[in-house]
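Reproduced below: work-v1.cif, with mmCIF, C-alpha atoms and all ligand atoms.
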```cif
data_protein
#
loop_
_atom_site.group_PDB
_atom_site.id
_atom_site.type_symbol
_atom_site.label_atom_id
_atom_site.label_comp_id
_atom_site.auth_asym_id
_atom_site.auth_seq_id
_atom_site.Cartn_x
_atom_site.Cartn_y
_atom_site.Cartn_z
ATOM 1 C CA PRO A 745 30.591 20.979 19.382
ATOM 2 C CA ALA A 746 29.892 17.704 17.529
ATOM 3 C CA GLU A 747 26.134 18.021 17.928
ATOM 4 C CA PHE A 748 23.664 20.805 17.372
ATOM 5 C CA ARG A 749 19.921 21.110 17.011
ATOM 6 C CA LEU A 750 18.240 22.050 13.770
ATOM 7 C CA ALA A 751 14.578 22.983 13.384
ATOM 8 C CA VAL A 752 12.642 23.172 10.155
ATOM 9 C CA VAL A 753 9.503 25.227 10.250
ATOM 10 C CA GLN A 754 6.643 23.935 8.127
ATOM 11 C CA MET A 755 4.478 26.997 8.514
ATOM 12 C CA LYS A 756 1.031 27.874 7.289
ATOM 13 C CA VAL A 757 1.307 30.663 4.718
ATOM 14 C CA THR A 758 -1.650 32.958 4.026
ATOM 15 C CA SER A 759 -2.236 35.843 1.629
ATOM 16 C CA VAL A 760 -1.686 38.359 4.444
ATOM 17 C CA LYS A 761 1.995 39.242 4.495
ATOM 18 C CA ALA A 762 2.004 40.799 7.968
ATOM 19 C CA GLU A 763 0.418 37.634 9.361
ATOM 20 C CA ASN A 764 3.068 35.476 7.677
ATOM 21 C CA LEU A 765 5.863 37.587 9.093
ATOM 22 C CA SER A 766 4.600 37.517 12.663
ATOM 23 C CA ARG A 767 3.868 33.800 12.420
ATOM 24 C CA ALA A 768 7.385 33.103 11.181
ATOM 25 C CA ARG A 769 8.845 35.147 13.997
ATOM 26 C CA SER A 770 6.887 33.380 16.703
ATOM 27 C CA LEU A 771 7.654 29.924 15.273
ATOM 28 C CA VAL A 772 11.366 30.764 15.239
ATOM 29 C CA LYS A 773 11.043 31.742 18.890
ATOM 30 C CA GLU A 774 9.268 28.500 19.677
ATOM 31 C CA ALA A 775 11.995 26.485 17.913
ATOM 32 C CA ALA A 776 14.718 28.331 19.817
ATOM 33 C CA GLY A 777 12.835 27.600 23.036
ATOM 34 C CA GLN A 778 13.215 23.911 22.186
ATOM 35 C CA GLY A 779 16.954 24.331 21.814
ATOM 36 C CA ALA A 780 17.247 24.858 18.060
ATOM 37 C CA GLN A 781 20.432 26.697 17.054
ATOM 38 C CA LEU A 782 19.736 26.723 13.331
ATOM 39 C CA VAL A 783 16.216 27.286 12.003
ATOM 40 C CA VAL A 784 14.972 26.939 8.428
ATOM 41 C CA LEU A 785 11.815 28.608 7.075
ATOM 42 C CA PRO A 786 9.907 27.549 3.920
ATOM 43 C CA GLU A 787 10.179 28.765 0.357
ATOM 44 C CA CYS A 788 7.955 31.786 -0.240
ATOM 45 C CA PHE A 789 6.971 32.055 3.424
ATOM 46 C CA ASN A 790 5.695 35.630 3.230
ATOM 47 C CA SER A 791 3.516 35.260 0.140
ATOM 48 C CA PRO A 792 1.334 32.671 -1.577
ATOM 49 C CA TYR A 793 3.408 30.715 -4.093
ATOM 50 C CA GLY A 794 2.565 31.524 -7.728
ATOM 51 C CA THR A 795 3.699 33.684 -10.613
ATOM 52 C CA SER A 796 0.640 35.914 -10.215
ATOM 53 C CA PHE A 797 1.681 36.820 -6.649
ATOM 54 C CA PHE A 798 5.409 37.448 -6.954
ATOM 55 C CA SER A 799 5.326 41.033 -8.224
ATOM 56 C CA SER A 800 2.794 42.313 -5.679
ATOM 57 C CA TYR A 801 4.573 40.687 -2.718
ATOM 58 C CA ALA A 802 8.095 41.465 -3.904
ATOM 59 C CA GLU A 803 10.391 43.601 -1.761
ATOM 60 C CA LYS A 804 13.826 45.089 -1.854
ATOM 61 C CA ILE A 805 16.511 43.619 0.374
ATOM 62 C CA PRO A 806 16.757 45.017 2.972
ATOM 63 C CA GLY A 807 13.008 45.488 3.343
ATOM 64 C CA GLU A 808 10.154 44.706 5.697
ATOM 65 C CA SER A 809 10.469 40.925 5.491
ATOM 66 C CA THR A 810 14.234 40.696 5.783
ATOM 67 C CA GLN A 811 14.221 43.180 8.657
ATOM 68 C CA THR A 812 11.737 40.951 10.456
ATOM 69 C CA LEU A 813 13.987 37.949 9.821
ATOM 70 C CA SER A 814 17.006 39.782 11.159
ATOM 71 C CA GLN A 815 15.101 40.688 14.334
ATOM 72 C CA ALA A 816 13.811 37.137 14.679
ATOM 73 C CA ALA A 817 17.332 35.716 14.417
ATOM 74 C CA LYS A 818 18.620 38.216 16.945
ATOM 75 C CA GLU A 819 15.875 37.905 19.530
ATOM 76 C CA SER A 820 16.027 34.102 19.389
ATOM 77 C CA ARG A 821 19.835 33.950 19.059
ATOM 78 C CA VAL A 822 19.745 31.481 16.156
ATOM 79 C CA TYR A 823 21.156 31.066 12.691
ATOM 80 C CA LEU A 824 18.122 31.658 10.523
ATOM 81 C CA VAL A 825 17.743 30.448 6.947
ATOM 82 C CA GLY A 826 14.915 32.752 5.977
ATOM 83 C CA GLY A 827 13.103 30.458 3.548
ATOM 84 C CA SER A 828 12.596 32.572 0.479
ATOM 85 C CA ILE A 829 10.773 35.714 -0.555
ATOM 86 C CA PRO A 830 10.014 37.333 -3.882
ATOM 87 C CA GLU A 831 12.759 39.965 -4.230
ATOM 88 C CA GLU A 832 12.714 43.013 -6.497
ATOM 89 C CA ASP A 833 15.996 44.502 -7.659
ATOM 90 C CA GLU A 834 16.465 46.915 -10.561
ATOM 91 C CA GLY A 835 13.203 45.930 -12.198
ATOM 92 C CA ARG A 836 13.810 42.185 -11.970
ATOM 93 C CA LEU A 837 12.223 39.665 -9.633
ATOM 94 C CA TYR A 838 14.040 36.808 -7.918
ATOM 95 C CA ASN A 839 13.156 33.971 -5.566
ATOM 96 C CA THR A 840 15.609 34.774 -2.790
ATOM 97 C CA CYS A 841 16.783 33.176 0.435
ATOM 98 C CA VAL A 842 18.426 35.377 3.042
ATOM 99 C CA VAL A 843 20.401 33.974 5.974
ATOM 100 C CA PHE A 844 20.962 35.797 9.272
ATOM 101 C CA GLY A 845 23.263 35.052 12.173
ATOM 102 C CA PRO A 846 22.370 35.172 15.885
ATOM 103 C CA ASP A 847 23.392 38.832 16.071
ATOM 104 C CA GLY A 848 20.911 39.657 13.336
ATOM 105 C CA GLU A 849 23.665 40.230 10.779
ATOM 106 C CA LEU A 850 23.127 39.261 7.149
ATOM 107 C CA LEU A 851 25.303 36.285 6.233
ATOM 108 C CA LEU A 852 24.120 35.351 2.794
ATOM 109 C CA LYS A 853 21.704 36.023 -0.026
ATOM 110 C CA HIS A 854 20.930 33.131 -2.392
ATOM 111 C CA ARG A 855 18.796 33.741 -5.448
ATOM 112 C CA LYS A 856 17.265 30.514 -6.783
ATOM 113 C CA ILE A 857 19.561 29.530 -9.606
ATOM 114 C CA HIS A 858 17.392 26.922 -11.338
ATOM 115 C CA LEU A 859 13.945 28.260 -12.145
ATOM 116 C CA PHE A 860 10.977 25.930 -11.778
ATOM 117 C CA ASP A 861 9.732 25.538 -15.350
ATOM 118 C CA ILE A 862 8.011 22.208 -15.884
ATOM 119 C CA ASP A 863 5.153 20.827 -17.943
ATOM 120 C CA VAL A 864 3.636 17.489 -16.963
ATOM 121 C CA PRO A 865 0.538 17.146 -19.195
ATOM 122 C CA GLY A 866 -2.728 16.844 -17.300
ATOM 123 C CA LYS A 867 -0.937 17.360 -13.983
ATOM 124 C CA ILE A 868 1.060 20.511 -13.597
ATOM 125 C CA ARG A 869 2.499 23.251 -15.731
ATOM 126 C CA PHE A 870 4.493 25.915 -13.936
ATOM 127 C CA GLN A 871 6.772 28.539 -15.456
ATOM 128 C CA GLU A 872 8.624 30.581 -12.881
ATOM 129 C CA SER A 873 10.613 32.166 -15.688
ATOM 130 C CA GLU A 874 7.472 34.016 -16.831
ATOM 131 C CA THR A 875 8.117 36.430 -13.973
ATOM 132 C CA LEU A 876 11.390 35.565 -12.243
ATOM 133 C CA SER A 877 15.026 35.849 -13.178
ATOM 134 C CA PRO A 878 17.567 33.284 -11.994
ATOM 135 C CA GLY A 879 20.393 34.002 -9.578
ATOM 136 C CA ASN A 880 23.943 33.454 -10.729
ATOM 137 C CA THR A 881 25.852 32.422 -7.629
ATOM 138 C CA LEU A 882 26.444 29.378 -5.482
ATOM 139 C CA SER A 883 25.917 30.084 -1.796
ATOM 140 C CA MET A 884 27.426 28.627 1.362
ATOM 141 C CA PHE A 885 27.715 29.976 4.889
ATOM 142 C CA GLN A 886 29.715 29.063 7.965
ATOM 143 C CA THR A 887 28.378 28.473 11.458
ATOM 144 C CA PRO A 888 30.304 27.329 14.561
ATOM 145 C CA PHE A 889 28.658 23.919 14.025
ATOM 146 C CA CYS A 890 29.252 23.275 10.345
ATOM 147 C CA GLN A 891 29.245 24.742 6.880
ATOM 148 C CA VAL A 892 25.906 24.978 5.139
ATOM 149 C CA GLY A 893 25.058 24.988 1.423
ATOM 150 C CA VAL A 894 21.847 26.699 0.341
ATOM 151 C CA GLY A 895 19.470 25.910 -2.516
ATOM 152 C CA ILE A 896 15.825 26.709 -3.148
ATOM 153 C CA CYS A 897 13.345 23.994 -4.086
ATOM 154 C CA TYR A 898 13.972 23.134 -7.763
ATOM 155 C CA ASP A 899 17.701 23.644 -7.073
ATOM 156 C CA ILE A 900 17.578 20.271 -5.265
ATOM 157 C CA ARG A 901 17.090 18.468 -8.588
ATOM 158 C CA PHE A 902 20.603 19.446 -9.654
ATOM 159 C CA ALA A 903 23.057 16.983 -8.182
ATOM 160 C CA GLU A 904 25.996 19.119 -9.343
ATOM 161 C CA LEU A 905 25.084 21.952 -6.984
ATOM 162 C CA ALA A 906 25.001 19.622 -3.991
ATOM 163 C CA GLN A 907 28.293 18.066 -5.070
ATOM 164 C CA LEU A 908 30.006 21.435 -5.379
ATOM 165 C CA TYR A 909 28.829 22.464 -1.920
ATOM 166 C CA SER A 910 29.909 19.180 -0.409
ATOM 167 C CA ARG A 911 33.349 19.221 -2.012
ATOM 168 C CA LYS A 912 33.818 22.723 -0.671
ATOM 169 C CA GLY A 913 33.144 21.466 2.844
ATOM 170 C CA ALA A 914 29.401 21.687 3.438
ATOM 171 C CA GLN A 915 28.118 19.093 5.911
ATOM 172 C CA LEU A 916 24.522 20.275 5.714
ATOM 173 C CA LEU A 917 22.470 21.259 2.676
ATOM 174 C CA VAL A 918 19.277 23.230 3.253
ATOM 175 C CA TYR A 919 16.536 23.656 0.698
ATOM 176 C CA PRO A 920 13.507 25.759 1.515
ATOM 177 C CA GLY A 921 11.025 24.251 -0.943
ATOM 178 C CA ALA A 922 7.422 23.801 -1.961
ATOM 179 C CA PHE A 923 6.877 20.683 -3.998
ATOM 180 C CA ASN A 924 3.329 19.979 -5.163
ATOM 181 C CA MET A 925 0.786 17.156 -5.186
ATOM 182 C CA THR A 926 2.282 15.646 -8.375
ATOM 183 C CA THR A 927 6.046 15.861 -7.904
ATOM 184 C CA GLY A 928 5.897 15.800 -4.099
ATOM 185 C CA PRO A 929 4.879 12.159 -3.674
ATOM 186 C CA ALA A 930 7.107 11.137 -6.591
ATOM 187 C CA HIS A 931 10.369 12.920 -5.898
ATOM 188 C CA TRP A 932 10.552 15.046 -2.732
ATOM 189 C CA GLU A 933 11.925 12.466 -0.310
ATOM 190 C CA LEU A 934 13.857 10.620 -3.016
ATOM 191 C CA LEU A 935 15.778 13.747 -4.024
ATOM 192 C CA GLN A 936 16.702 14.558 -0.436
ATOM 193 C CA ARG A 937 17.878 11.060 0.299
ATOM 194 C CA ALA A 938 19.796 11.009 -2.985
ATOM 195 C CA ARG A 939 21.593 14.285 -2.254
ATOM 196 C CA ALA A 940 22.353 13.049 1.279
ATOM 197 C CA VAL A 941 23.730 9.640 0.355
ATOM 198 C CA ASP A 942 25.649 10.839 -2.707
ATOM 199 C CA ASN A 943 27.474 13.451 -0.707
ATOM 200 C CA GLN A 944 27.373 11.974 2.802
ATOM 201 C CA VAL A 945 25.804 15.117 4.226
ATOM 202 C CA TYR A 946 22.721 16.076 6.194
ATOM 203 C CA VAL A 947 19.881 17.479 4.082
ATOM 204 C CA ALA A 948 17.035 19.584 5.472
ATOM 205 C CA THR A 949 13.948 20.945 3.732
ATOM 206 C CA ALA A 950 11.226 23.319 4.894
ATOM 207 C CA ALA A 951 7.941 23.570 2.998
ATOM 208 C CA PRO A 952 4.788 25.612 3.530
ATOM 209 C CA ALA A 953 2.023 23.622 5.256
ATOM 210 C CA ARG A 954 -0.544 22.168 2.864
ATOM 211 C CA GLU A 955 -3.482 24.426 2.097
ATOM 212 C CA GLU A 956 -6.010 22.684 -0.140
ATOM 213 C CA SER A 957 -7.703 25.924 -1.152
ATOM 214 C CA ALA A 958 -4.495 27.575 -2.384
ATOM 215 C CA SER A 959 -3.894 27.928 -6.125
ATOM 216 C CA TYR A 960 -0.654 25.967 -5.651
ATOM 217 C CA VAL A 961 -1.027 23.153 -3.128
ATOM 218 C CA SER A 962 2.183 22.434 -1.221
ATOM 219 C CA TRP A 963 3.039 18.787 -0.564
ATOM 220 C CA GLY A 964 4.441 19.622 2.882
ATOM 221 C CA HIS A 965 6.472 16.806 4.461
ATOM 222 C CA SER A 966 9.422 18.951 5.487
ATOM 223 C CA MET A 967 12.187 16.648 6.667
ATOM 224 C CA VAL A 968 15.743 16.037 7.737
ATOM 225 C CA VAL A 969 17.850 13.264 6.201
ATOM 226 C CA ASN A 970 21.139 12.006 7.632
ATOM 227 C CA PRO A 971 24.401 11.188 5.785
ATOM 228 C CA TRP A 972 23.413 7.502 5.665
ATOM 229 C CA GLY A 973 20.352 8.511 3.624
ATOM 230 C CA GLU A 974 17.790 7.902 6.366
ATOM 231 C CA VAL A 975 14.910 10.255 7.121
ATOM 232 C CA VAL A 976 15.479 11.200 10.758
ATOM 233 C CA SER A 977 12.481 13.517 11.257
ATOM 234 C CA LYS A 978 9.551 14.395 9.085
ATOM 235 C CA ALA A 979 6.366 16.489 9.136
ATOM 236 C CA GLY A 980 3.005 15.468 7.733
ATOM 237 C CA PRO A 981 1.053 17.938 5.600
ATOM 238 C CA GLU A 982 0.068 20.323 8.422
ATOM 239 C CA GLU A 983 1.896 23.111 10.175
ATOM 240 C CA ALA A 984 4.661 21.618 12.293
ATOM 241 C CA LEU A 985 8.103 22.179 13.735
ATOM 242 C CA VAL A 986 10.508 19.378 12.920
ATOM 243 C CA TYR A 987 13.623 18.932 15.024
ATOM 244 C CA ALA A 988 16.784 16.964 14.442
ATOM 245 C CA ASP A 989 20.025 16.742 16.404
ATOM 246 C CA LEU A 990 22.778 16.736 13.813
ATOM 247 C CA ASP A 991 25.846 14.784 14.791
ATOM 248 C CA LEU A 992 29.046 15.636 12.947
ATOM 249 C CA GLN A 993 30.889 12.737 14.527
ATOM 250 C CA TYR A 994 28.300 10.430 12.961
ATOM 251 C CA LEU A 995 28.866 12.178 9.621
ATOM 252 C CA ALA A 996 32.616 11.602 9.933
ATOM 253 C CA ASP A 997 31.994 7.935 10.813
ATOM 254 C CA VAL A 998 29.862 7.409 7.697
ATOM 255 C CA ARG A 999 32.535 9.024 5.533
ATOM 256 C CA ARG A 1000 35.207 6.805 7.025
ATOM 257 C CA GLN A 1001 33.157 3.644 6.644
ATOM 258 C CA ILE A 1002 32.300 4.275 3.007
ATOM 259 C CA PRO A 1003 35.207 6.424 1.781
ATOM 260 C CA ILE A 1004 33.861 7.545 -1.610
ATOM 261 C CA THR A 1005 35.583 10.907 -1.342
ATOM 262 C CA ALA A 1006 39.022 9.317 -1.471
ATOM 263 C CA GLN A 1007 37.869 6.788 -4.057
ATOM 264 C CA ARG A 1008 36.719 9.237 -6.721
ATOM 265 C CA ARG A 1009 38.416 8.811 -10.083
ATOM 266 C CA ASP A 1010 39.568 12.371 -10.567
ATOM 267 C CA ASP A 1011 41.690 11.084 -13.415
ATOM 268 C CA LEU A 1012 38.524 10.132 -15.328
ATOM 269 C CA TYR A 1013 36.069 12.936 -14.593
ATOM 270 C CA ALA A 1014 35.745 16.342 -12.962
ATOM 271 C CA LEU A 1015 33.159 18.696 -11.550
ATOM 272 C CA THR A 1016 33.916 22.395 -11.752
ATOM 273 C CA SER A 1017 32.220 25.684 -10.932
ATOM 274 C CA ALA A 1018 32.643 28.803 -13.016
ATOM 275 C CA PRO A 1019 35.177 31.370 -11.816
ATOM 276 C CA GLY A 1020 33.156 33.986 -9.985
ATOM 277 C CA GLY A 1021 30.329 31.520 -9.424
ATOM 278 C CA TRP A 1022 30.575 31.763 -5.633
ATOM 279 C CA SER A 1023 28.869 34.504 -3.693
ATOM 280 C CA SER A 1024 31.643 34.885 -1.144
HETATM 281 O O1 LIG B 1101 10.828 20.327 -8.644
HETATM 282 C C1 LIG B 1101 9.630 20.244 -8.337
HETATM 283 O O2 LIG B 1101 8.951 19.271 -8.622
HETATM 284 C C2 LIG B 1101 8.958 21.345 -7.595
HETATM 285 C C3 LIG B 1101 9.790 22.578 -7.577
HETATM 286 C C4 LIG B 1101 9.103 23.747 -6.996
HETATM 287 O O3 LIG B 1101 7.984 23.683 -6.587
HETATM 288 C C5 LIG B 1101 9.830 24.999 -6.900
HETATM 289 O O4 LIG B 1101 10.964 25.087 -7.381
HETATM 290 O O5 LIG B 1101 9.287 25.937 -6.322
#
```

As structure tokens, how would this structure be written, given the file I've shared?
Ligand SMILES: O=C(O)CCC(=O)C(=O)O
Amino acid sequence: PAEFRLAVVQMKVTSVKAENLSRARSLVKEAAGQGAQLVVLPECFNSPYGTSFFSSYAEKIPGESTQTLSQAAKESRVYLVGGSIPEEDEGRLYNTCVVFGPDGELLLKHRKIHLFDIDVPGKIRFQESETLSPGNTLSMFQTPFCQVGVGICYDIRFAELAQLYSRKGAQLLVYPGAFNMTTGPAHWELLQRARAVDNQVYVATAAPAREESASYVSWGHSMVVNPWGEVVSKAGPEEALVYADLDLQYLADVRRQIPITAQRRDDLYALTSAPGGWSS
């Protein structure tokens, strides 16, 4: 099919994990009820976002949260990009996105490869690397609609990752993310539109809803951008489901009209991934 419906879930995340899990599950069901075939949850959807929370909310995979995601995908018959959760494996913590298919089977596990370590004086200092370890693989999965490349939040700042996914055939890039009140207004939409127009792909992000009393305040504004670089649907700061009908014929039209893929000067430059850098 040339068209399919995507939903991004900008959900309210609380400090109660069980509440977050049941909320995610019911929002996935609601999205499926509106015809969504691929659903994306936010970064850190089962836990508040912050280095002081990761170790107490962390789980093994499989574990309670990923089992809930698998059930949610299966009962709603959707491809589910399960946002991210703090994952514990052999004494290390990761920020991990797990993807399930409509039968509830695990398709992919992406550990955030670029950790969010920034220091903007007077505004925000955040050091994910104080508690998390980075993943070491690039992650794409296949659906009957299109191929999908996966990154988590800060991963979107790295144009190379999006380029590698796109050259390998991805037509959609999804980034569960949680930008903040400093970098959100400055860069969130710009980065998505940049990744979309550079690679002539759809880009979708899902953020936690804004919660002013949280220690880390999410910017919100989950959105979907088309291969022309236009924002086609967008949430405000509050909890919301955002829908977009992705049209692969439109994507092909854009690529034909502005044929940058065929015009690249491969004789002058190259982009390569490390051998063994791909998860599958
Ligand atoms: O890149 C940014 O400005 C925000 C990134 C972020 O919040 C994250 O990686 O979780």

For this session: Quick one: everything within 10 Å of stretch 899-906 of chain A, counting only C-alpha atoms, minus sequence neighbours fewer than 3 positions away in the same chain. Send it as a PyMOL selection string.
Result: chain A and resi 856-860+882-883+893-896+909-912+914+916-921+931-932+935-936+938-940+942-943+945+947+949+1015-1017

Build an axis-aligned box that encloses every atom of ligand LIG 1101 (chain B) listed in the file, pad it by 5 Å on each side, and report its centre and edge lengths in Å to one decimal, as lines of an AutoDock Vina configuration file.
```
center_x = 9.5
center_y = 22.6
center_z = -7.5
size_x = 13.0
size_y = 16.7
size_z = 12.3
```

For this session: Tell me, as a ChimeraX atom specification, which residues lie within 7 Å of stretch 785-801 of chain A, counting all atoms listed in the file; anything in the same chain fewer than 2 positions away does not count.
Result: /A:752-754,757-759,761,764-765,783,803,825-830,872,875,896,920-922,950-952,960

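Residues within 12 Å of A:Ile1002, counting all atoms listed in the file and excluding same-chain residues fewer than 6 positions away, are Val941, Asp942, Asn943, Gln944, Pro971, Trp972, Leu995, Ala996 and Arg1008 of chain A.
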
Problem set entry | Straight-line distance linking atom CA of A:Gly980 with atom CA of A:Glu831, stated in Å to one decimal |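 Between these atoms lies a distance of 29.0 Å.
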
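Using only C-alpha atoms and all ligand atoms, the smallest distance between any of A:Leu782, A:Val892, A:Leu850, A:Met925 and ligand LIG 1101 (chain B) comes from A:Met925.
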
Exercise. How many Å separate atom CA of A:Ala780 from atom CA of A:Gln891?
Worked result: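 Separation of atom CA of A:Ala780 and atom CA of A:Gln891: 16.4 Å.
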